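Engineer: Sharing target.tsv (TSV, C-alpha atoms) below.
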chain	number	residue	atom	x	y	z
N	1	MET	CA	-15.53	-8.01	-42.56
N	2	PRO	CA	-13.89	-11.44	-42.63
N	3	SER	CA	-13.63	-12.43	-38.98
N	4	THR	CA	-11.80	-15.68	-39.70
N	5	LEU	CA	-8.67	-13.79	-40.69
N	6	GLN	CA	-5.89	-13.60	-38.20
N	7	THR	CA	-2.69	-11.63	-37.85
N	8	THR	CA	0.55	-12.93	-36.41
N	9	ILE	CA	3.00	-11.00	-34.23
N	10	GLN	CA	6.47	-12.50	-34.14
N	11	ALA	CA	9.85	-11.15	-33.06
N	12	GLY	CA	12.35	-10.79	-35.88
N	13	ALA	CA	9.70	-10.83	-38.62
N	14	GLN	CA	10.70	-8.98	-41.78
N	15	LEU	CA	8.20	-6.16	-41.53
N	16	VAL	CA	7.52	-2.82	-39.90
N	17	THR	CA	4.61	-2.23	-37.55
N	18	LEU	CA	2.64	1.00	-37.44
N	19	ILE	CA	0.77	1.50	-34.19
N	20	ASN	CA	-1.53	4.49	-34.62
N	21	VAL	CA	-3.59	5.64	-31.63
N	22	PHE	CA	-6.35	8.06	-32.62
N	23	THR	CA	-7.92	10.16	-29.90
N	24	VAL	CA	-11.57	10.77	-30.66
N	25	ASP	CA	-14.76	12.20	-29.22
N	26	PRO	CA	-16.71	9.12	-28.03
N	27	ALA	CA	-19.63	10.27	-30.19
N	28	ASP	CA	-17.38	9.81	-33.24
N	29	GLN	CA	-15.69	6.51	-32.32
N	30	GLU	CA	-18.04	4.30	-34.31
N	31	ARG	CA	-17.82	6.55	-37.38
N	32	LEU	CA	-14.02	6.58	-37.22
N	33	VAL	CA	-13.91	2.78	-36.95
N	34	ALA	CA	-16.21	2.42	-39.97
N	35	LEU	CA	-14.25	4.91	-42.06
N	36	TRP	CA	-10.98	3.19	-41.18
N	37	GLN	CA	-12.36	-0.18	-42.18
N	38	GLN	CA	-13.59	1.23	-45.47
N	39	ALA	CA	-10.29	3.00	-46.21
N	40	THR	CA	-8.41	-0.24	-45.50
N	41	ASP	CA	-10.63	-2.43	-47.65
N	42	ASP	CA	-11.00	0.02	-50.53
N	43	VAL	CA	-7.46	1.39	-50.75
N	44	MET	CA	-4.78	0.41	-48.21
N	45	ARG	CA	-4.83	-3.34	-48.63
N	46	HIS	CA	-4.34	-3.03	-52.39
N	47	LEU	CA	-1.11	-1.02	-52.04
N	48	PRO	CA	2.34	-2.62	-52.51
N	49	GLY	CA	3.84	-3.91	-49.27
N	50	PHE	CA	0.63	-3.99	-47.23
N	51	ILE	CA	0.45	-7.01	-44.91
N	52	SER	CA	-2.34	-6.36	-42.43
N	53	ALA	CA	-4.42	-3.79	-40.56
N	54	ASN	CA	-6.03	-4.58	-37.22
N	55	VAL	CA	-8.60	-2.10	-35.99
N	56	HIS	CA	-9.23	-1.78	-32.25
N	57	ARG	CA	-11.64	0.38	-30.28
N	58	SER	CA	-10.99	1.40	-26.71
N	59	LEU	CA	-13.50	0.23	-24.14
N	60	ASP	CA	-13.84	3.80	-22.80
N	61	GLY	CA	-14.84	5.14	-26.22
N	62	THR	CA	-12.05	7.75	-26.52
N	63	LYS	CA	-9.58	5.95	-28.80
N	64	VAL	CA	-9.36	3.97	-32.02
N	65	VAL	CA	-6.10	2.08	-32.55
N	66	ASN	CA	-4.82	0.65	-35.81
N	67	TYR	CA	-2.10	-2.01	-35.52
N	68	ALA	CA	-0.81	-2.29	-39.08
N	69	GLN	CA	1.98	-4.28	-40.69
N	70	TRP	CA	3.92	-3.27	-43.82
N	71	GLU	CA	6.67	-5.19	-45.57
N	72	THR	CA	9.16	-2.31	-45.39
N	73	GLN	CA	9.42	1.25	-44.12
N	74	GLU	CA	9.67	2.37	-47.77
N	75	ALA	CA	6.31	0.76	-48.60
N	76	PHE	CA	4.74	2.54	-45.64
N	77	GLN	CA	6.24	5.89	-46.70
N	78	ALA	CA	5.06	5.35	-50.28
N	79	MET	CA	1.52	4.80	-48.99
N	80	LEU	CA	1.58	8.23	-47.33
N	81	GLY	CA	2.19	9.79	-50.72
N	82	ASP	CA	-0.34	7.66	-52.60
N	83	PRO	CA	-2.95	9.82	-54.40
N	84	GLU	CA	-5.84	7.85	-52.87
N	85	ALA	CA	-4.44	6.90	-49.46
N	86	GLY	CA	-3.00	10.30	-48.57
N	87	PRO	CA	-6.31	12.22	-48.76
N	88	MET	CA	-8.06	9.33	-46.98
N	89	LEU	CA	-5.66	9.60	-44.03
N	90	ARG	CA	-6.26	13.34	-43.90
N	91	GLU	CA	-10.01	12.68	-43.79
N	92	LEU	CA	-9.50	10.28	-40.86
N	93	ALA	CA	-7.40	12.93	-39.11
N	94	GLU	CA	-10.35	15.33	-39.26
N	95	ILE	CA	-12.41	12.98	-37.08
N	96	GLY	CA	-9.69	12.07	-34.58
N	97	THR	CA	-6.15	13.08	-33.65
N	98	PRO	CA	-3.62	10.48	-34.83
N	99	ALA	CA	-0.41	9.52	-33.00
N	100	PRO	CA	1.43	7.13	-35.34
N	101	VAL	CA	4.44	5.15	-34.09
N	102	LEU	CA	6.57	3.14	-36.53
N	103	CYS	CA	7.98	0.10	-34.70
N	104	GLU	CA	9.76	-3.19	-34.83
N	105	VAL	CA	8.76	-6.17	-32.67
N	106	VAL	CA	11.43	-6.83	-30.05
N	107	SER	CA	10.01	-9.80	-28.19
N	108	VAL	CA	6.91	-11.93	-27.72
N	109	HIS	CA	6.06	-13.43	-24.31
N	110	HIS	CA	3.49	-16.06	-23.46
N	111	VAL	CA	2.49	-17.94	-20.33
T	1	MET	CA	13.70	-14.43	-25.29
T	2	PRO	CA	11.95	-17.19	-27.26
T	3	SER	CA	11.67	-15.79	-30.78
T	4	THR	CA	9.70	-18.76	-32.09
T	5	LEU	CA	6.64	-17.72	-30.11
T	6	GLN	CA	3.92	-15.93	-31.94
T	7	THR	CA	0.81	-14.01	-30.99
T	8	THR	CA	-2.48	-14.03	-32.87
T	9	ILE	CA	-4.79	-11.06	-33.41
T	10	GLN	CA	-8.32	-12.05	-34.34
T	11	ALA	CA	-11.62	-10.16	-34.36
T	12	GLY	CA	-14.14	-11.42	-31.84
T	13	ALA	CA	-11.55	-13.23	-29.70
T	14	GLN	CA	-12.50	-13.60	-26.05
T	15	LEU	CA	-9.86	-11.31	-24.59
T	16	VAL	CA	-9.01	-7.69	-23.90
T	17	THR	CA	-6.03	-5.97	-25.49
T	18	LEU	CA	-3.91	-3.41	-23.66
T	19	ILE	CA	-1.95	-1.15	-26.01
T	20	ASN	CA	0.48	0.86	-23.90
T	21	VAL	CA	2.63	3.47	-25.64
T	22	PHE	CA	5.49	4.67	-23.44
T	23	THR	CA	7.20	7.92	-24.40
T	24	VAL	CA	10.85	7.76	-23.47
T	25	ASP	CA	14.12	9.62	-23.82
T	26	PRO	CA	15.94	7.79	-26.66
T	27	ALA	CA	18.87	7.28	-24.29
T	28	ASP	CA	16.56	5.19	-22.07
T	29	GLN	CA	14.73	3.18	-24.77
T	30	GLU	CA	16.95	0.12	-24.54
T	31	ARG	CA	16.79	0.09	-20.73
T	32	LEU	CA	12.99	0.39	-20.78
T	33	VAL	CA	12.70	-2.49	-23.26
T	34	ALA	CA	14.94	-4.68	-21.10
T	35	LEU	CA	13.06	-3.85	-17.89
T	36	TRP	CA	9.74	-4.54	-19.57
T	37	GLN	CA	10.93	-7.91	-20.83
T	38	GLN	CA	12.17	-8.81	-17.36
T	39	ALA	CA	8.95	-7.68	-15.66
T	40	THR	CA	6.94	-9.75	-18.11
T	41	ASP	CA	9.00	-12.91	-17.75
T	42	ASP	CA	9.46	-12.68	-13.98
T	43	VAL	CA	5.98	-11.54	-12.92
T	44	MET	CA	3.30	-10.69	-15.51
T	45	ARG	CA	3.16	-13.94	-17.42
T	46	HIS	CA	2.62	-15.91	-14.22
T	47	LEU	CA	-0.50	-13.94	-13.24
T	48	PRO	CA	-4.02	-15.31	-13.77
T	49	GLY	CA	-5.53	-14.36	-17.12
T	50	PHE	CA	-2.29	-13.35	-18.84
T	51	ILE	CA	-2.23	-14.39	-22.51
T	52	SER	CA	0.64	-12.51	-24.15
T	53	ALA	CA	2.87	-9.45	-24.14
T	54	ASN	CA	4.49	-8.15	-27.31
T	55	VAL	CA	7.19	-5.56	-26.85
T	56	HIS	CA	7.89	-3.08	-29.67
T	57	ARG	CA	10.44	-0.30	-29.99
T	58	SER	CA	9.90	2.69	-32.23
T	59	LEU	CA	12.39	3.17	-35.04
T	60	ASP	CA	12.92	6.81	-33.98
T	61	GLY	CA	13.92	5.78	-30.44
T	62	THR	CA	11.26	7.83	-28.62
T	63	LYS	CA	8.67	5.14	-27.82
T	64	VAL	CA	8.30	1.64	-26.42
T	65	VAL	CA	4.95	-0.05	-27.08
T	66	ASN	CA	3.55	-3.07	-25.30
T	67	TYR	CA	0.72	-4.88	-27.08
T	68	ALA	CA	-0.64	-7.19	-24.37
T	69	GLN	CA	-3.55	-9.62	-24.23
T	70	TRP	CA	-5.49	-10.58	-21.09
T	71	GLU	CA	-8.37	-13.03	-20.80
T	72	THR	CA	-10.70	-10.49	-19.18
T	73	GLN	CA	-10.77	-6.88	-18.05
T	74	GLU	CA	-11.02	-8.16	-14.47
T	75	ALA	CA	-7.75	-10.10	-14.82
T	76	PHE	CA	-6.06	-6.98	-16.14
T	77	GLN	CA	-7.42	-4.86	-13.27
T	78	ALA	CA	-6.33	-7.49	-10.74
T	79	MET	CA	-2.78	-7.32	-12.17
T	80	LEU	CA	-2.67	-3.58	-11.44
T	81	GLY	CA	-3.25	-4.33	-7.77
T	82	ASP	CA	-0.87	-7.28	-7.57
T	83	PRO	CA	1.82	-6.76	-4.89
T	84	GLU	CA	4.62	-7.56	-7.34
T	85	ALA	CA	3.25	-6.23	-10.63
T	86	GLY	CA	1.98	-2.90	-9.28
T	87	PRO	CA	5.37	-1.65	-8.03
T	88	MET	CA	7.01	-2.96	-11.21
T	89	LEU	CA	4.67	-0.86	-13.37
T	90	ARG	CA	5.47	2.18	-11.25
T	91	GLU	CA	9.19	1.54	-11.80
T	92	LEU	CA	8.60	1.38	-15.57
T	93	ALA	CA	6.66	4.65	-15.36
T	94	GLU	CA	9.71	6.34	-13.84
T	95	ILE	CA	11.70	5.66	-17.02
T	96	GLY	CA	8.98	6.56	-19.52
T	97	THR	CA	5.50	8.10	-19.63
T	98	PRO	CA	2.83	5.44	-20.18
T	99	ALA	CA	-0.39	5.92	-22.16
T	100	PRO	CA	-2.37	2.69	-21.70
T	101	VAL	CA	-5.45	2.00	-23.84
T	102	LEU	CA	-7.71	-0.97	-23.07
T	103	CYS	CA	-9.24	-2.23	-26.31
T	104	GLU	CA	-11.18	-4.86	-28.16
T	105	VAL	CA	-10.29	-5.99	-31.68
T	106	VAL	CA	-12.95	-4.82	-34.13
T	107	SER	CA	-11.64	-6.15	-37.43
T	108	VAL	CA	-8.63	-7.72	-39.13
T	109	HIS	CA	-7.80	-6.92	-42.75
T	110	HIS	CA	-5.35	-8.63	-45.06
T	111	VAL	CA	-4.39	-8.34	-48.72
Kindly transcribe the structure held in the file into structure tokens.

Structural biologist:
Amino acid sequence: MPSTLQTTIQAGAQLVTLINVFTVDPADQERLVALWQQATDDVMRHLPGFISANVHRSLDGTKVVNYAQWETQEAFQAMLGDPEAGPMLRELAEIGTPAPVLCEVVSVHHV
Amino acid sequence: MPSTLQTTIQAGAQLVTLINVFTVDPADQERLVALWQQATDDVMRHLPGFISANVHRSLDGTKVVNYAQWETQEAFQAMLGDPEAGPMLRELAEIGTPAPVLCEVVSVHHV
């Protein structure tokens, strides 16, 4: 996984952000992370409108969070109906319980 | 709010990420966003170990998500006990229901 890549969060950017918190049995956290990485590299990132996916694991073991960016809401919706991506998401949802939230960035605050 | 600021997500960065999804009555979403911005600018960003806060609102009106970065888990925990920040978080929790997840970034994927 290329660790030199970085993602930028900026208010007013022309994109939609999908924040998806999966609740998972801690015994399955590592497997869910690996499957999500594979799904992203094999399928998601090749779809029209994909910008980035950023996979997080909770320190307590009970969650996996994907912070993803798509160019438009339409591109995100089209992904859900994609013949490869759709089944892949359903496979992920068998390991953990997803709670997707489609967002826009309102503001960014630094020190 | 300075819209030229930007936040970077990178795997292996020396920080902890707090992803906090607030569920809110759509009538209160705008108020919760404003209060969160104020709490961040007035208090949070002046605390030791604060790196960034990134406020998102869901397109369906039912969520507000804060994607925040702290230098260490200890700095984040210290914030919870801060005499100004603690009561502020409790005020936010009266408007919406928080679901905080403390994370590390596992991987970043681009096109």

Engineer: Per residue of chain T within 6 Å of chain N, which atom pair is closest and at what distance in Å (one decimal), using only C-alpha atoms, listed by chain and increasing number, as a Markdown table?

Structural biologist:
| residue | atom | partner | partner_atom | distance |
| --- | --- | --- | --- | --- |
| T:Ser3 | CA | N:Ala11 | CA | 5.5 |
| T:Gln6 | CA | N:Gln10 | CA | 4.8 |
| T:Thr7 | CA | N:Ile9 | CA | 4.9 |
| T:Thr8 | CA | N:Thr8 | CA | 4.8 |
| T:Ile9 | CA | N:Thr7 | CA | 4.9 |
| T:Gln10 | CA | N:Gln6 | CA | 4.8 |
| T:Ala11 | CA | N:Ser3 | CA | 5.5 |
| T:Arg45 | CA | N:Val111 | CA | 5.0 |
| T:Ser52 | CA | N:His110 | CA | 4.6 |
| T:Ala53 | CA | N:His109 | CA | 5.1 |
| T:Asn54 | CA | N:Val108 | CA | 4.5 |
| T:Val55 | CA | N:Ser107 | CA | 5.3 |
| T:His56 | CA | N:Val105 | CA | 4.4 |
| T:Arg57 | CA | N:Cys103 | CA | 5.3 |
| T:Ser58 | CA | N:Cys103 | CA | 4.1 |
| T:Leu59 | CA | N:Cys103 | CA | 5.4 |
| T:Leu102 | CA | N:Ser58 | CA | 5.4 |
| T:Cys103 | CA | N:Ser58 | CA | 4.0 |
| T:Glu104 | CA | N:His56 | CA | 5.5 |
| T:Val105 | CA | N:His56 | CA | 4.4 |
| T:Val106 | CA | N:His56 | CA | 5.2 |
| T:Ser107 | CA | N:Val55 | CA | 5.3 |
| T:Val108 | CA | N:Asn54 | CA | 4.5 |
| T:His109 | CA | N:Ala53 | CA | 5.1 |
| T:His110 | CA | N:Ser52 | CA | 4.6 |
| T:Val111 | CA | N:Arg45 | CA | 5.0 |

Engineer: The coordinates of chain N, once least-squares superposed on chain T over all sequentially paired C-alpha atoms, should be supplied as a PDB file with C-alpha atoms, keeping the file's coordinate frame.

Structural biologist:
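Printed below is superposed.pdb as written:
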ATOM      1  CA  MET N   1      13.726 -14.540 -25.251  1.00  0.00           C
ATOM      2  CA  PRO N   2      11.924 -17.247 -27.222  1.00  0.00           C
ATOM      3  CA  SER N   3      11.675 -15.841 -30.734  1.00  0.00           C
ATOM      4  CA  THR N   4       9.682 -18.783 -32.074  1.00  0.00           C
ATOM      5  CA  LEU N   5       6.630 -17.716 -30.100  1.00  0.00           C
ATOM      6  CA  GLN N   6       3.902 -15.941 -31.936  1.00  0.00           C
ATOM      7  CA  THR N   7       0.805 -14.004 -30.987  1.00  0.00           C
ATOM      8  CA  THR N   8      -2.470 -14.027 -32.867  1.00  0.00           C
ATOM      9  CA  ILE N   9      -4.790 -11.062 -33.419  1.00  0.00           C
ATOM     10  CA  GLN N  10      -8.326 -12.042 -34.334  1.00  0.00           C
ATOM     11  CA  ALA N  11     -11.620 -10.155 -34.338  1.00  0.00           C
ATOM     12  CA  GLY N  12     -14.145 -11.436 -31.824  1.00  0.00           C
ATOM     13  CA  ALA N  13     -11.543 -13.235 -29.696  1.00  0.00           C
ATOM     14  CA  GLN N  14     -12.504 -13.600 -26.042  1.00  0.00           C
ATOM     15  CA  LEU N  15      -9.869 -11.314 -24.593  1.00  0.00           C
ATOM     16  CA  VAL N  16      -9.005  -7.700 -23.910  1.00  0.00           C
ATOM     17  CA  THR N  17      -6.033  -5.960 -25.485  1.00  0.00           C
ATOM     18  CA  LEU N  18      -3.910  -3.405 -23.670  1.00  0.00           C
ATOM     19  CA  ILE N  19      -1.967  -1.149 -26.003  1.00  0.00           C
ATOM     20  CA  ASN N  20       0.465   0.875 -23.905  1.00  0.00           C
ATOM     21  CA  VAL N  21       2.625   3.486 -25.644  1.00  0.00           C
ATOM     22  CA  PHE N  22       5.481   4.697 -23.446  1.00  0.00           C
ATOM     23  CA  THR N  23       7.192   7.930 -24.392  1.00  0.00           C
ATOM     24  CA  VAL N  24      10.854   7.789 -23.476  1.00  0.00           C
ATOM     25  CA  ASP N  25      14.131   9.642 -23.823  1.00  0.00           C
ATOM     26  CA  PRO N  26      15.951   7.799 -26.651  1.00  0.00           C
ATOM     27  CA  ALA N  27      18.888   7.286 -24.279  1.00  0.00           C
ATOM     28  CA  ASP N  28      16.570   5.200 -22.076  1.00  0.00           C
ATOM     29  CA  GLN N  29      14.740   3.192 -24.762  1.00  0.00           C
ATOM     30  CA  GLU N  30      16.950   0.122 -24.528  1.00  0.00           C
ATOM     31  CA  ARG N  31      16.789   0.094 -20.719  1.00  0.00           C
ATOM     32  CA  LEU N  32      12.998   0.395 -20.769  1.00  0.00           C
ATOM     33  CA  VAL N  33      12.711  -2.477 -23.258  1.00  0.00           C
ATOM     34  CA  ALA N  34      14.943  -4.682 -21.092  1.00  0.00           C
ATOM     35  CA  LEU N  35      13.071  -3.849 -17.896  1.00  0.00           C
ATOM     36  CA  TRP N  36       9.737  -4.542 -19.579  1.00  0.00           C
ATOM     37  CA  GLN N  37      10.939  -7.901 -20.817  1.00  0.00           C
ATOM     38  CA  GLN N  38      12.183  -8.802 -17.358  1.00  0.00           C
ATOM     39  CA  ALA N  39       8.959  -7.672 -15.654  1.00  0.00           C
ATOM     40  CA  THR N  40       6.939  -9.748 -18.132  1.00  0.00           C
ATOM     41  CA  ASP N  41       9.017 -12.892 -17.756  1.00  0.00           C
ATOM     42  CA  ASP N  42       9.458 -12.675 -13.989  1.00  0.00           C
ATOM     43  CA  VAL N  43       5.984 -11.543 -12.937  1.00  0.00           C
ATOM     44  CA  MET N  44       3.301 -10.678 -15.515  1.00  0.00           C
ATOM     45  CA  ARG N  45       3.166 -13.930 -17.425  1.00  0.00           C
ATOM     46  CA  HIS N  46       2.632 -15.910 -14.220  1.00  0.00           C
ATOM     47  CA  LEU N  47      -0.493 -13.939 -13.246  1.00  0.00           C
ATOM     48  CA  PRO N  48      -4.022 -15.336 -13.773  1.00  0.00           C
ATOM     49  CA  GLY N  49      -5.531 -14.356 -17.116  1.00  0.00           C
ATOM     50  CA  PHE N  50      -2.296 -13.352 -18.849  1.00  0.00           C
ATOM     51  CA  ILE N  51      -2.223 -14.386 -22.517  1.00  0.00           C
ATOM     52  CA  SER N  52       0.634 -12.515 -24.159  1.00  0.00           C
ATOM     53  CA  ALA N  53       2.863  -9.439 -24.150  1.00  0.00           C
ATOM     54  CA  ASN N  54       4.487  -8.148 -27.324  1.00  0.00           C
ATOM     55  CA  VAL N  55       7.191  -5.551 -26.865  1.00  0.00           C
ATOM     56  CA  HIS N  56       7.895  -3.087 -29.678  1.00  0.00           C
ATOM     57  CA  ARG N  57      10.436  -0.295 -30.001  1.00  0.00           C
ATOM     58  CA  SER N  58       9.892   2.689 -32.239  1.00  0.00           C
ATOM     59  CA  LEU N  59      12.384   3.172 -35.037  1.00  0.00           C
ATOM     60  CA  ASP N  60      12.915   6.813 -33.979  1.00  0.00           C
ATOM     61  CA  GLY N  61      13.923   5.789 -30.453  1.00  0.00           C
ATOM     62  CA  THR N  62      11.256   7.829 -28.607  1.00  0.00           C
ATOM     63  CA  LYS N  63       8.667   5.143 -27.819  1.00  0.00           C
ATOM     64  CA  VAL N  64       8.302   1.643 -26.422  1.00  0.00           C
ATOM     65  CA  VAL N  65       4.948  -0.031 -27.078  1.00  0.00           C
ATOM     66  CA  ASN N  66       3.549  -3.065 -25.303  1.00  0.00           C
ATOM     67  CA  TYR N  67       0.711  -4.889 -27.085  1.00  0.00           C
ATOM     68  CA  ALA N  68      -0.647  -7.182 -24.381  1.00  0.00           C
ATOM     69  CA  GLN N  69      -3.554  -9.604 -24.239  1.00  0.00           C
ATOM     70  CA  TRP N  70      -5.493 -10.578 -21.097  1.00  0.00           C
ATOM     71  CA  GLU N  71      -8.359 -13.030 -20.801  1.00  0.00           C
ATOM     72  CA  THR N  72     -10.706 -10.501 -19.182  1.00  0.00           C
ATOM     73  CA  GLN N  73     -10.776  -6.882 -18.064  1.00  0.00           C
ATOM     74  CA  GLU N  74     -11.030  -8.159 -14.466  1.00  0.00           C
ATOM     75  CA  ALA N  75      -7.764 -10.103 -14.818  1.00  0.00           C
ATOM     76  CA  PHE N  76      -6.065  -6.983 -16.148  1.00  0.00           C
ATOM     77  CA  GLN N  77      -7.420  -4.867 -13.270  1.00  0.00           C
ATOM     78  CA  ALA N  78      -6.324  -7.498 -10.745  1.00  0.00           C
ATOM     79  CA  MET N  79      -2.794  -7.335 -12.163  1.00  0.00           C
ATOM     80  CA  LEU N  80      -2.665  -3.595 -11.438  1.00  0.00           C
ATOM     81  CA  GLY N  81      -3.254  -4.348  -7.780  1.00  0.00           C
ATOM     82  CA  ASP N  82      -0.858  -7.297  -7.589  1.00  0.00           C
ATOM     83  CA  PRO N  83       1.823  -6.772  -4.896  1.00  0.00           C
ATOM     84  CA  GLU N  84       4.640  -7.569  -7.346  1.00  0.00           C
ATOM     85  CA  ALA N  85       3.251  -6.221 -10.624  1.00  0.00           C
ATOM     86  CA  GLY N  86       1.988  -2.901  -9.278  1.00  0.00           C
ATOM     87  CA  PRO N  87       5.383  -1.637  -8.029  1.00  0.00           C
ATOM     88  CA  MET N  88       7.021  -2.965 -11.212  1.00  0.00           C
ATOM     89  CA  LEU N  89       4.684  -0.869 -13.375  1.00  0.00           C
ATOM     90  CA  ARG N  90       5.463   2.171 -11.250  1.00  0.00           C
ATOM     91  CA  GLU N  91       9.179   1.530 -11.792  1.00  0.00           C
ATOM     92  CA  LEU N  92       8.602   1.389 -15.568  1.00  0.00           C
ATOM     93  CA  ALA N  93       6.658   4.656 -15.349  1.00  0.00           C
ATOM     94  CA  GLU N  94       9.716   6.345 -13.839  1.00  0.00           C
ATOM     95  CA  ILE N  95      11.697   5.673 -17.024  1.00  0.00           C
ATOM     96  CA  GLY N  96       8.976   6.571 -19.528  1.00  0.00           C
ATOM     97  CA  THR N  97       5.504   8.104 -19.613  1.00  0.00           C
ATOM     98  CA  PRO N  98       2.834   5.439 -20.184  1.00  0.00           C
ATOM     99  CA  ALA N  99      -0.388   5.920 -22.174  1.00  0.00           C
ATOM    100  CA  PRO N 100      -2.377   2.696 -21.701  1.00  0.00           C
ATOM    101  CA  VAL N 101      -5.457   2.004 -23.840  1.00  0.00           C
ATOM    102  CA  LEU N 102      -7.719  -0.962 -23.056  1.00  0.00           C
ATOM    103  CA  CYS N 103      -9.243  -2.230 -26.319  1.00  0.00           C
ATOM    104  CA  GLU N 104     -11.179  -4.854 -28.156  1.00  0.00           C
ATOM    105  CA  VAL N 105     -10.288  -5.992 -31.686  1.00  0.00           C
ATOM    106  CA  VAL N 106     -12.945  -4.824 -34.137  1.00  0.00           C
ATOM    107  CA  SER N 107     -11.638  -6.153 -37.427  1.00  0.00           C
ATOM    108  CA  VAL N 108      -8.636  -7.722 -39.128  1.00  0.00           C
ATOM    109  CA  HIS N 109      -7.804  -6.921 -42.770  1.00  0.00           C
ATOM    110  CA  HIS N 110      -5.349  -8.637 -45.066  1.00  0.00           C
ATOM    111  CA  VAL N 111      -4.390  -8.314 -48.714  1.00  0.00           C
TER     112      VAL N 111
END

Engineer: Could you tell me how far CA of Thr72 in chain N sits from CA of Ala27 in chain T, in Å to one decimal place?

Structural biologist: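 Distance reported for this atom pair: 25.1 Å.
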
Engineer: Please indicate the distance in Å from CA of Glu30 in chain N to CA of Leu80 in chain N, rounded to one decimal place.

Structural biologist: 23.9 Å

Engineer: Could you tell me how far CA of Arg90 in chain T sits from CA of Pro100 in chain N, in Å to one decimal place?

Structural biologist: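 Taking CA of Pro100 in chain N as the start and CA of Arg90 in chain T as the end point, the length is 24.9 Å.
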
Engineer: How big is the axis-aligned box around the listed atoms of range 14-29 of chain T once 8 Å is added on each side, and where is its centre? Give both in Å to one decimal, as JSON.

Structural biologist:
{"center_x": 3.2, "center_y": -2.0, "center_z": -24.4, "size_x": 47.4, "size_y": 39.2, "size_z": 20.6}

Engineer: Output requested as a short mmCIF file (atom, residue, chain, number, x, y, z; two decimals), keeping the file's coordinate frame - range 63-74 of chain N, filled out with N, CA, C and O atoms.

Structural biologist:
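Below is the file rebuild_18.cif, written as the result:
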data_model
loop_
_atom_site.label_atom_id
_atom_site.label_comp_id
_atom_site.auth_asym_id
_atom_site.auth_seq_id
_atom_site.Cartn_x
_atom_site.Cartn_y
_atom_site.Cartn_z
N LYS N 63 -10.70 6.25 -27.91
CA LYS N 63 -9.58 5.95 -28.80
C LYS N 63 -9.99 4.95 -29.88
O LYS N 63 -10.86 4.09 -29.64
N VAL N 64 -9.33 5.03 -31.02
CA VAL N 64 -9.36 3.97 -32.02
C VAL N 64 -7.89 3.69 -32.34
O VAL N 64 -7.11 4.62 -32.54
N VAL N 65 -7.50 2.42 -32.33
CA VAL N 65 -6.10 2.08 -32.55
C VAL N 65 -6.00 1.16 -33.77
O VAL N 65 -6.70 0.16 -33.86
N ASN N 66 -5.12 1.53 -34.69
CA ASN N 66 -4.82 0.65 -35.81
C ASN N 66 -3.44 0.05 -35.59
O ASN N 66 -2.45 0.76 -35.40
N TYR N 67 -3.38 -1.28 -35.59
CA TYR N 67 -2.10 -2.01 -35.52
C TYR N 67 -1.87 -2.56 -36.92
O TYR N 67 -2.54 -3.53 -37.32
N ALA N 68 -0.98 -1.93 -37.67
CA ALA N 68 -0.81 -2.29 -39.08
C ALA N 68 0.59 -2.80 -39.35
O ALA N 68 1.55 -2.42 -38.69
N GLN N 69 0.68 -3.70 -40.31
CA GLN N 69 1.98 -4.28 -40.69
C GLN N 69 2.25 -4.01 -42.17
O GLN N 69 1.38 -4.24 -43.02
N TRP N 70 3.47 -3.53 -42.46
CA TRP N 70 3.92 -3.27 -43.82
C TRP N 70 5.22 -4.01 -44.04
O TRP N 70 6.01 -4.20 -43.11
N GLU N 71 5.46 -4.41 -45.28
CA GLU N 71 6.67 -5.19 -45.57
C GLU N 71 7.96 -4.43 -45.27
O GLU N 71 8.92 -4.99 -44.76
N THR N 72 7.96 -3.14 -45.62
CA THR N 72 9.16 -2.31 -45.39
C THR N 72 8.73 -0.89 -45.02
O THR N 72 7.59 -0.47 -45.27
N GLN N 73 9.68 -0.15 -44.45
CA GLN N 73 9.42 1.25 -44.12
C GLN N 73 9.17 2.05 -45.41
O GLN N 73 8.35 2.98 -45.41
N GLU N 74 9.83 1.67 -46.50
CA GLU N 74 9.67 2.37 -47.77
C GLU N 74 8.23 2.21 -48.30
O GLU N 74 7.63 3.14 -48.82
#
